[in-house]
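The structure under discussion appears below in the form of structure tokens.
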Amino acid sequence: MWIEALIAVTLASAGAVFLSPNKVAGKIAFVLSLLPVGGSLWMYSTYEASGNALLEGSTLAFETNADWIVAGPYSLNWHVGLDGISMPLIALTTVLTSLALLASWTPIDERQSQFYGLMLFLEASLLGVFSALDFFVWFVFWEMVLVPMYVLIGVWGGPRRKYAAIKMFVYTNIASLALFIGFTALVFGLGDAVNTFDMAAVAQALRAGELGALGPIGAGTLKLVAFVAMFVGFAVKVPVVPFHTWLPDAHVEAPTPVSIMLAGVLLKMGTYALLRFNFTMLPDIAQQNAQLIALFAVISVIYGAMLALAQTDLKRIVAYSSVSSMGYVILGLVAYTVYGMGGATFQMVAHGLISGLMFMAVGVIYNTTHTRMVSDMSGLASKMPITVAVFVAGAFGYMGLPLMAGFAAELFIFLGAFGAFEGSVLFTAAAMFGIVIVAGYLLLAMQRTLFGPFEIETDYEVSPAAFHDVAPLVVLILLVVLLGVDPNIFFEMIQNAVDPLAPAAGGGV
Amino acid sequence: MAALSFELAPVIAALPFVSFLIALLAGAFAPRLLPKGGAIPGIAATAGSLLLSAWAALAVWNSSEGVYHESITWVAGVGDAAFDLHFGILLDPLSTMMLVIVSLVAVLVHVFSLGYMNDEGETGLPRYYAGLGLFTASMLSFVFASNLLMAFMFFELVGLCSWLLIGFHFREPGPPSAAKKAFLVTRFGDYFFLVGVVGVFATFGTTAFAGSESFPHLAEQVLAGEASATTFLGLDPQAWFAVLGLLVLGGVVGKSAQYPLHTWLPDAMEGPTPVSALIHAATMVAAGVYLVARMYGFYALLPQVLAFIAFVGGFTALFAASMGVVKKELKQVLAYSTISQYGYMMLGLGAGGYVAATFHLMTHAFFKALLFLGAGSVIIAMHHNENMWDMGGLKEKMPVTYYAFLSGSLALAGIVPFSGFWSKDEVLYEALVHGLDSPLLLGAYAMGLLAVFFTGFYTFRMVALTFHGDPRTDTARDPHGVGWNVKLPLVVLGTLAAVAGLVNMVPVAELTGAHLEFLHDWLDAGPEALTAHHYGDLLPYSSGTIGTELTTVLLSAGVSLGLALAGAGLAWKLYAVADPDEHTDKLGSAKTVLFNNYYQDEYQVWIATGLTLPLARAADKFDQGVIDGVVNGVSSVSLLSGSRVKRIQSGVVTNYAFLLTASLVVLLVAIGLIGGWF
Amino acid sequence: MVPVQYYLLVSAAVFCIGVFGILTRRNALVFLMSVELMLNAANINLVAFSRFHGNLTGQMFSLFTLAVAAAEVAIGIGIILVLYRNFADVDVTNATTMRW
């Protein structure tokens, strides 16, 4: 019942904030958002589960499985539960939402109650996505995420907010269609073997090779087509090059807290779903096409980093670097080793924290300077020392500095991917070159904006940021260091959950 | 007793880390509570580290195994054939020696900073001391790291500290840029290092340096045919290990500023001078060479890689020394000299002179830290003017600095009996005897030998221009005085630079037959697999001699001493006069090339800004134009077709009714045709 | 007994008259009457099949249809009244403001 309670409390908070007056909506929302944070931390501390939620022999934490709708031969269940893959993401979602709410106090100055209400509604949907284990429940939450996101960008965004919001919505919605068709085709292809949309049942049936023909399409083709459809559907969300172009537009137009949620949690929906659907349910297809998928990953890493290098807007730099970082996740997933897949999951959390941190820091700078163009500012370190210090720490975290979460995640991915499949050595080595380019563009941007003589054209005094702007930054950087020094906080449970997936592979180290 | 000193090993690194935390937190919240801006906690912490390191060294010497090796599991692998990642401490003769060197130089640099930073009224001192503390902690952790992964992690962290400290004066445009360059260039090397670390894991399942489950040991067994290992890219073990060795070497070349990744070090001189002494001369730059020494059991198995190391080292020694000849700024000369000296160490390691290179690493740490601190003292006196042509005649004004600096210079130039002579001579001797059988190595030796002449020249040009002749500016006539906190480190290091060579006087030992090779004994005191003796057995080299062994030793020493004296004498004759000339015009067109550092910076900057940036912009254009163009194109096409199709929505009900009816008819006919009604 | 085909023919004829009315007439009232014709054609079918199968369900449905048709007429007349108020006419081709 804890997951239901978590979602219900968050939804109720959203409703309460909707009705509250604008002036205090931010404070109420932040205080209420501490409830799910406390809840998820309590769940983490009492977490007891083993194995992968979708495979045989697993025990789940906080599981509920109840009949919901019976339609013809198919029954749809309310099935939620956590394993080592979803637990860290639940914790990430609650913590990051709270901090994002805190980071909204300064930039959001109109329709506050609606804004904060939608943010909490977004959180509730995300919690549902990460805990649902029945396809229909999952899909409802998956689509529910888009609604607040669309409104948040479209109402509180920058000058081109409508373009960005519609692009995001339509792009990802078409992707949802692809994945929906892909998955339902698989279920229908299973025929009488499975008459539920329960993800575990479907995954186990597919892995047992019970897929039959669907109409004129043979089982082999059906698998491939479904894999491609679902891959494309999730790749848009991740995003994988070449499906990434909605992301920078959305980020640039979105207000800071929405960017934090977008980069920190929403992108992880894509990789999480890839892991749960494509890589768990159709491992043979994934492994047969490992080189192709790894190629997508490497292109995302290198091409995303090159694009970041060319940008002149701080937020676009961080946005493109997300494309680059998520490429590592794909590489880790396709490795099919405990380190690779575990590292990919760990990277979801690590990148969630670090990219959230970076967007937040850029937002704090923007609140003060009212510009994000690299060429418009110089020497901010003289005026906002703590913000700049955290920015620097976050940037080094992004570059994969050891003892910070990003390094641990990337190291695990590289360790897992190296030698995992034919040609993986070269793919891994190529992807690793991303760590040089990321250092290049972040150091260059920092040198130009933060250091050197102080220069910025404003008609007011540039002053250090307020406490409630800096506090979430400091909390995030501490979390990043904590996870970097002791990855086992999450990595042990992640390993436990991805371990049953790994033996499917022949290779690995 | 011994056990306790080993148990306290983590404290060696923890103490400076605590001083970092104190400087950071107190600097942010209560700057007034921080004594001397953080210097006092820093000095106390590094002094504590020094004592503990010395105690650990003593314990290593006294213990029966000569080693302390403990590790904790950082991340445990899950599943079949998975490997664990460890943090560990490896104390053996090599690492404890390095611990003592690092903590000693760190203490002295902290003391010196009191004079260079505090007394000069710098702002942001807590940040400075926090950086120094974090650096010392990371460097010490790197030194006692028991495995390659941990070494890599702290290797990166010292890079961060280097970035922080080079860019200490961030309000000026130069230092941030230099800091960026330093980090980026070393990062480029570290990329290969990281691939190497991952490769070592994939190949051996461990990265431990020592023990029966260590990768050098496993590699040895594999090559001896006693075990098997996974190799990749279809290479046989020998070739694959060579690839791994070269990959790790990438990090070494970057960090130890070897050609072609040496370009960051001269720029790094933008940092405060004590930082240059600690990080960019004595310790961090040594990390690369130290790493090769640390895993020498692996490199000793790989003749191609050894030859590569030796050649890169010899070339860098000569290449950098030749650039040092024309520099105008004191710290620039020292920077190129540092690159050149690390070239010698690489030459020594590549040529099979494990002890010789380690010896040079030690003596160089002392005399180069000394020279930098001496330069710092001169810079204080000259009101932060570093141009040697504005100095002159400082000898009378600052005798302590002069004599200390002279001791360092004699050591650097390699004049008997100062420390540099013994160590450099041993490096060259090893290269010579092993080179007599290997032309490639002999070439590297020749370059190293030629560099001796240049070294003598630029060293004494520097001494003469700075301290001798007539003062050339008003500042030089009336220099700023320096306090005890500057003089004390100079005196300590000056003494060490003069006498540190006594620990391993090979030529004297050969001549007299007395047992004087203490460093050899020290490095042989560890466990068998980590001793110089064992490395000697592994090495693929055979030694040749010219005449007897004694004549070879004497010949080698004599030639290098002669060259050093010749270079020094020439510089002395040209520059130690009342009003020296530049003399650089005599070099002709070579002058421009040398002043521009062989255009090394230019081509690297071109790669960054002339190649990568335009490529990135082109990628951006492609992204915005083609990929996003397709996305926007799809939306335009949809909008356009929508605006066409919507025309059937005419608003006339009759038309709708017609469409309905017509569609129904069409549908019926179609169904009829398919169903076979007609 | 009259065979079911005759009822169907009548029903088809009535339906076609209704369709013809909708396609050619402009007066909204005639429009409405034509719709009624089509509905009644369906009713004839329902009743005829009901009798043919000896099952009362069809007749039940036709009763439903009558009720729905009555409701529809009420709404239809309402629409026509609004149409007249706005356009001063009950010609359906005049009211073309609801288009793209």
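Here's how to read the names in the structure tokens: chain A, B, ... by the order shown, residue numbers from 1 in each chain, ligand numbers from 1 in the order shown.
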### Message
Taking 5 positions as the minimum chain separation for residues in the same chain, which residues sit within 12 Å of range 4-6 of chain B when counting only C-alpha atoms? Answer as a PyMOL selection string.
### Response
chain B and resi 11-12+49+51-60+62-63+66-70+89-92+96+144
Counting only C-alpha atoms, which residues in chain C sit no more than 6 Å from chain B? For each one, give the nearest pair of atoms and the distance in Å, sorted by chain then residue number, as CSV.
residue,atom,partner,partner_atom,distance
C:Leu23,CA,B:Thr654,CA,5.7
C:Thr93,CA,B:Val652,CA,5.1
C:Thr96,CA,B:Gly651,CA,4.2
C:Met98,CA,B:Gly651,CA,5.1
C:Arg99,CA,B:Gly651,CA,4.5
C:Trp100,CA,B:Gln649,CA,5.9
Considering only C-alpha atoms, give me a table of residues in chain B that are at most 7 Å from chain A, with the closest atom pair and distance in Å for each, as a tab-separated table.
residue	atom	partner	partner_atom	distance
B:Val75	CA	A:Asn488	CA	6.7
B:Val78	CA	A:Gln495	CA	6.6
B:Gly79	CA	A:Asp499	CA	6.5
B:Ala81	CA	A:Val509	CA	6.4
B:Ala82	CA	A:Val509	CA	6.6
B:Met153	CA	A:Pro402	CA	5.1
B:Glu156	CA	A:Leu401	CA	6.7
B:Leu157	CA	A:Pro402	CA	6.8
B:Phe170	CA	A:Phe451	CA	5.3
B:Arg171	CA	A:Gly452	CA	4.4
B:Glu172	CA	A:Gly452	CA	4.9
B:Pro173	CA	A:Gly452	CA	4.5
B:Pro176	CA	A:Gln447	CA	5.8
B:Ser177	CA	A:Gln447	CA	6.6
B:Lys180	CA	A:Leu443	CA	5.9
B:Leu184	CA	A:Gly440	CA	6.4
B:Arg187	CA	A:Val436	CA	6.1
B:Phe188	CA	A:Val436	CA	6.0
B:Tyr191	CA	A:Phe433	CA	6.5
B:Val195	CA	A:Ala429	CA	6.3
B:Val198	CA	A:Leu415	CA	5.5
B:Ala202	CA	A:Val509	CA	5.7
B:Leu613	CA	A:Ala310	CA	6.6
B:Ala616	CA	A:Met306	CA	4.9
B:Arg617	CA	A:Ala310	CA	5.0
B:Ala619	CA	A:Leu307	CA	6.3
B:Asp620	CA	A:Leu307	CA	5.4
B:Ile627	CA	A:Pro242	CA	6.7
B:Asp628	CA	A:Thr245	CA	5.7
Item to complete: Name the residues in contact with range 3-6 of chain A at a cut-off of 10 Å, using only C-alpha atoms, excluding same-chain residues fewer than 3 positions from it; report them as a list in words.
Response: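 Once the nearby chain positions are removed, what remains is Val9, Thr10, Leu11, Ala12, Leu35, Pro36, Val37, Gly38, Gly39, Ser40, Met43, Ala61, Phe62, Glu63, Thr64, Val80, Gly81, Leu82, Ile90, Thr94, Ala124, Leu127, Gly128, Ser131 and Ala132 of chain A.
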Residues near Leu530 in chain B, anyone? I mean within 12 Å using only C-alpha atoms, not counting same-chain ones fewer than 2 positions away, as a VMD selection string. chain B and resid 65 to 67 90 to 95 209 to 212 214 216 to 217 293 to 298 300 354 to 355 522 to 528 532 to 538
Output of the above residues as an mmCIF file, in the first residue's frame, restricted to N, CA and C atoms:
data_model
loop_
_atom_site.group_PDB
_atom_site.id
_atom_site.type_symbol
_atom_site.label_atom_id
_atom_site.label_comp_id
_atom_site.auth_asym_id
_atom_site.auth_seq_id
_atom_site.Cartn_x
_atom_site.Cartn_y
_atom_site.Cartn_z
ATOM 1 N N GLU B 65 58.663 -8.506 5.854
ATOM 2 C CA GLU B 65 58.254 -8.597 4.446
ATOM 3 C C GLU B 65 58.572 -7.332 3.669
ATOM 4 N N GLY B 66 58.708 -6.224 4.372
ATOM 5 C CA GLY B 66 58.982 -4.968 3.688
ATOM 6 C C GLY B 66 57.805 -4.414 2.953
ATOM 7 N N VAL B 67 56.615 -4.805 3.367
ATOM 8 C CA VAL B 67 55.456 -4.302 2.650
ATOM 9 C C VAL B 67 54.246 -4.318 3.579
ATOM 10 N N LEU B 90 49.175 0.451 -0.254
ATOM 11 C CA LEU B 90 50.351 -0.376 -0.497
ATOM 12 C C LEU B 90 51.558 0.419 -0.026
ATOM 13 N N LEU B 91 52.133 -0.022 1.065
ATOM 14 C CA LEU B 91 53.331 0.642 1.559
ATOM 15 C C LEU B 91 54.512 -0.284 1.316
ATOM 16 N N ASP B 92 55.404 0.154 0.455
ATOM 17 C CA ASP B 92 56.624 -0.600 0.225
ATOM 18 C C ASP B 92 57.736 0.429 0.113
ATOM 19 N N PRO B 93 58.940 0.043 -0.104
ATOM 20 C CA PRO B 93 60.020 1.049 -0.147
ATOM 21 C C PRO B 93 59.734 2.181 -1.122
ATOM 22 N N LEU B 94 59.249 1.848 -2.319
ATOM 23 C CA LEU B 94 59.014 2.893 -3.313
ATOM 24 C C LEU B 94 57.967 3.882 -2.825
ATOM 25 N N SER B 95 56.819 3.374 -2.359
ATOM 26 C CA SER B 95 55.748 4.304 -2.026
ATOM 27 C C SER B 95 56.066 5.090 -0.762
ATOM 28 N N PHE B 209 48.510 -3.731 -7.716
ATOM 29 C CA PHE B 209 49.912 -3.590 -8.106
ATOM 30 C C PHE B 209 50.753 -4.736 -7.544
ATOM 31 N N ALA B 210 50.355 -5.215 -6.376
ATOM 32 C CA ALA B 210 51.238 -6.150 -5.681
ATOM 33 C C ALA B 210 50.468 -7.374 -5.234
ATOM 34 N N GLY B 211 51.208 -8.438 -5.009
ATOM 35 C CA GLY B 211 50.589 -9.669 -4.525
ATOM 36 C C GLY B 211 50.477 -10.691 -5.632
ATOM 37 N N SER B 212 50.043 -11.884 -5.264
ATOM 38 C CA SER B 212 49.997 -12.954 -6.259
ATOM 39 C C SER B 212 48.831 -12.760 -7.220
ATOM 40 N N SER B 214 48.063 -9.842 -8.540
ATOM 41 C CA SER B 214 48.243 -8.520 -9.138
ATOM 42 C C SER B 214 48.427 -8.663 -10.647
ATOM 43 N N PRO B 216 50.621 -7.203 -12.733
ATOM 44 C CA PRO B 216 51.966 -7.468 -13.278
ATOM 45 C C PRO B 216 52.344 -8.942 -13.120
ATOM 46 N N HIS B 217 51.953 -9.494 -11.967
ATOM 47 C CA HIS B 217 52.289 -10.903 -11.723
ATOM 48 C C HIS B 217 51.551 -11.818 -12.706
ATOM 49 N N ALA B 293 56.933 3.610 -12.519
ATOM 50 C CA ALA B 293 57.768 2.882 -11.564
ATOM 51 C C ALA B 293 56.925 1.925 -10.737
ATOM 52 N N ARG B 294 55.714 2.392 -10.358
ATOM 53 C CA ARG B 294 54.837 1.588 -9.515
ATOM 54 C C ARG B 294 54.459 0.278 -10.203
ATOM 55 N N MET B 295 54.169 0.358 -11.488
ATOM 56 C CA MET B 295 53.790 -0.866 -12.204
ATOM 57 C C MET B 295 54.918 -1.319 -13.122
ATOM 58 N N TYR B 296 56.149 -1.168 -12.615
ATOM 59 C CA TYR B 296 57.286 -1.483 -13.465
ATOM 60 C C TYR B 296 57.356 -2.964 -13.780
ATOM 61 N N GLY B 297 56.806 -3.758 -12.877
ATOM 62 C CA GLY B 297 56.792 -5.197 -13.129
ATOM 63 C C GLY B 297 56.025 -5.546 -14.390
ATOM 64 N N PHE B 298 55.075 -4.673 -14.755
ATOM 65 C CA PHE B 298 54.313 -4.887 -15.991
ATOM 66 C C PHE B 298 55.103 -4.371 -17.185
ATOM 67 N N ALA B 300 58.232 -3.914 -17.487
ATOM 68 C CA ALA B 300 59.480 -4.623 -17.734
ATOM 69 C C ALA B 300 59.282 -5.819 -18.656
ATOM 70 N N TYR B 354 65.498 1.312 -13.313
ATOM 71 C CA TYR B 354 64.430 1.560 -12.351
ATOM 72 C C TYR B 354 64.950 2.361 -11.163
ATOM 73 N N VAL B 355 66.068 1.921 -10.618
ATOM 74 C CA VAL B 355 66.626 2.622 -9.459
ATOM 75 C C VAL B 355 67.097 4.008 -9.873
ATOM 76 N N TRP B 522 67.610 -0.053 -0.488
ATOM 77 C CA TRP B 522 66.280 0.363 -0.034
ATOM 78 C C TRP B 522 65.211 -0.193 -0.966
ATOM 79 N N LEU B 523 65.426 -0.038 -2.272
ATOM 80 C CA LEU B 523 64.408 -0.481 -3.210
ATOM 81 C C LEU B 523 64.395 -1.997 -3.371
ATOM 82 N N ASP B 524 65.397 -2.659 -2.831
ATOM 83 C CA ASP B 524 65.390 -4.120 -2.853
ATOM 84 C C ASP B 524 64.804 -4.706 -1.578
ATOM 85 N N ALA B 525 64.393 -3.802 -0.672
ATOM 86 C CA ALA B 525 63.961 -4.291 0.641
ATOM 87 C C ALA B 525 62.529 -4.789 0.652
ATOM 88 N N GLY B 526 61.787 -4.484 -0.400
ATOM 89 C CA GLY B 526 60.379 -4.856 -0.403
ATOM 90 C C GLY B 526 60.169 -6.323 -0.705
ATOM 91 N N PRO B 527 58.942 -6.719 -0.932
ATOM 92 C CA PRO B 527 58.668 -8.109 -1.313
ATOM 93 C C PRO B 527 59.288 -8.400 -2.671
ATOM 94 N N GLU B 528 59.653 -9.612 -2.874
ATOM 95 C CA GLU B 528 60.418 -10.018 -4.044
ATOM 96 C C GLU B 528 59.888 -9.438 -5.353
ATOM 97 N N ALA B 532 63.841 -3.983 -7.185
ATOM 98 C CA ALA B 532 64.630 -3.615 -8.357
ATOM 99 C C ALA B 532 65.313 -4.853 -8.925
ATOM 100 N N HIS B 533 65.683 -5.728 -8.022
ATOM 101 C CA HIS B 533 66.359 -6.955 -8.437
ATOM 102 C C HIS B 533 65.460 -7.794 -9.362
ATOM 103 N N HIS B 534 64.193 -7.949 -8.940
ATOM 104 C CA HIS B 534 63.248 -8.728 -9.728
ATOM 105 C C HIS B 534 63.005 -8.064 -11.081
ATOM 106 N N TYR B 535 62.867 -6.737 -11.075
ATOM 107 C CA TYR B 535 62.667 -6.015 -12.338
ATOM 108 C C TYR B 535 63.850 -6.246 -13.274
ATOM 109 N N GLY B 536 65.043 -6.274 -12.649
ATOM 110 C CA GLY B 536 66.236 -6.511 -13.450
ATOM 111 C C GLY B 536 66.167 -7.860 -14.165
ATOM 112 N N ASP B 537 65.598 -8.861 -13.469
ATOM 113 C CA ASP B 537 65.469 -10.178 -14.103
ATOM 114 C C ASP B 537 64.467 -10.172 -15.240
ATOM 115 N N LEU B 538 63.406 -9.354 -15.054
ATOM 116 C CA LEU B 538 62.354 -9.340 -16.071
ATOM 117 C C LEU B 538 62.771 -8.599 -17.332
#
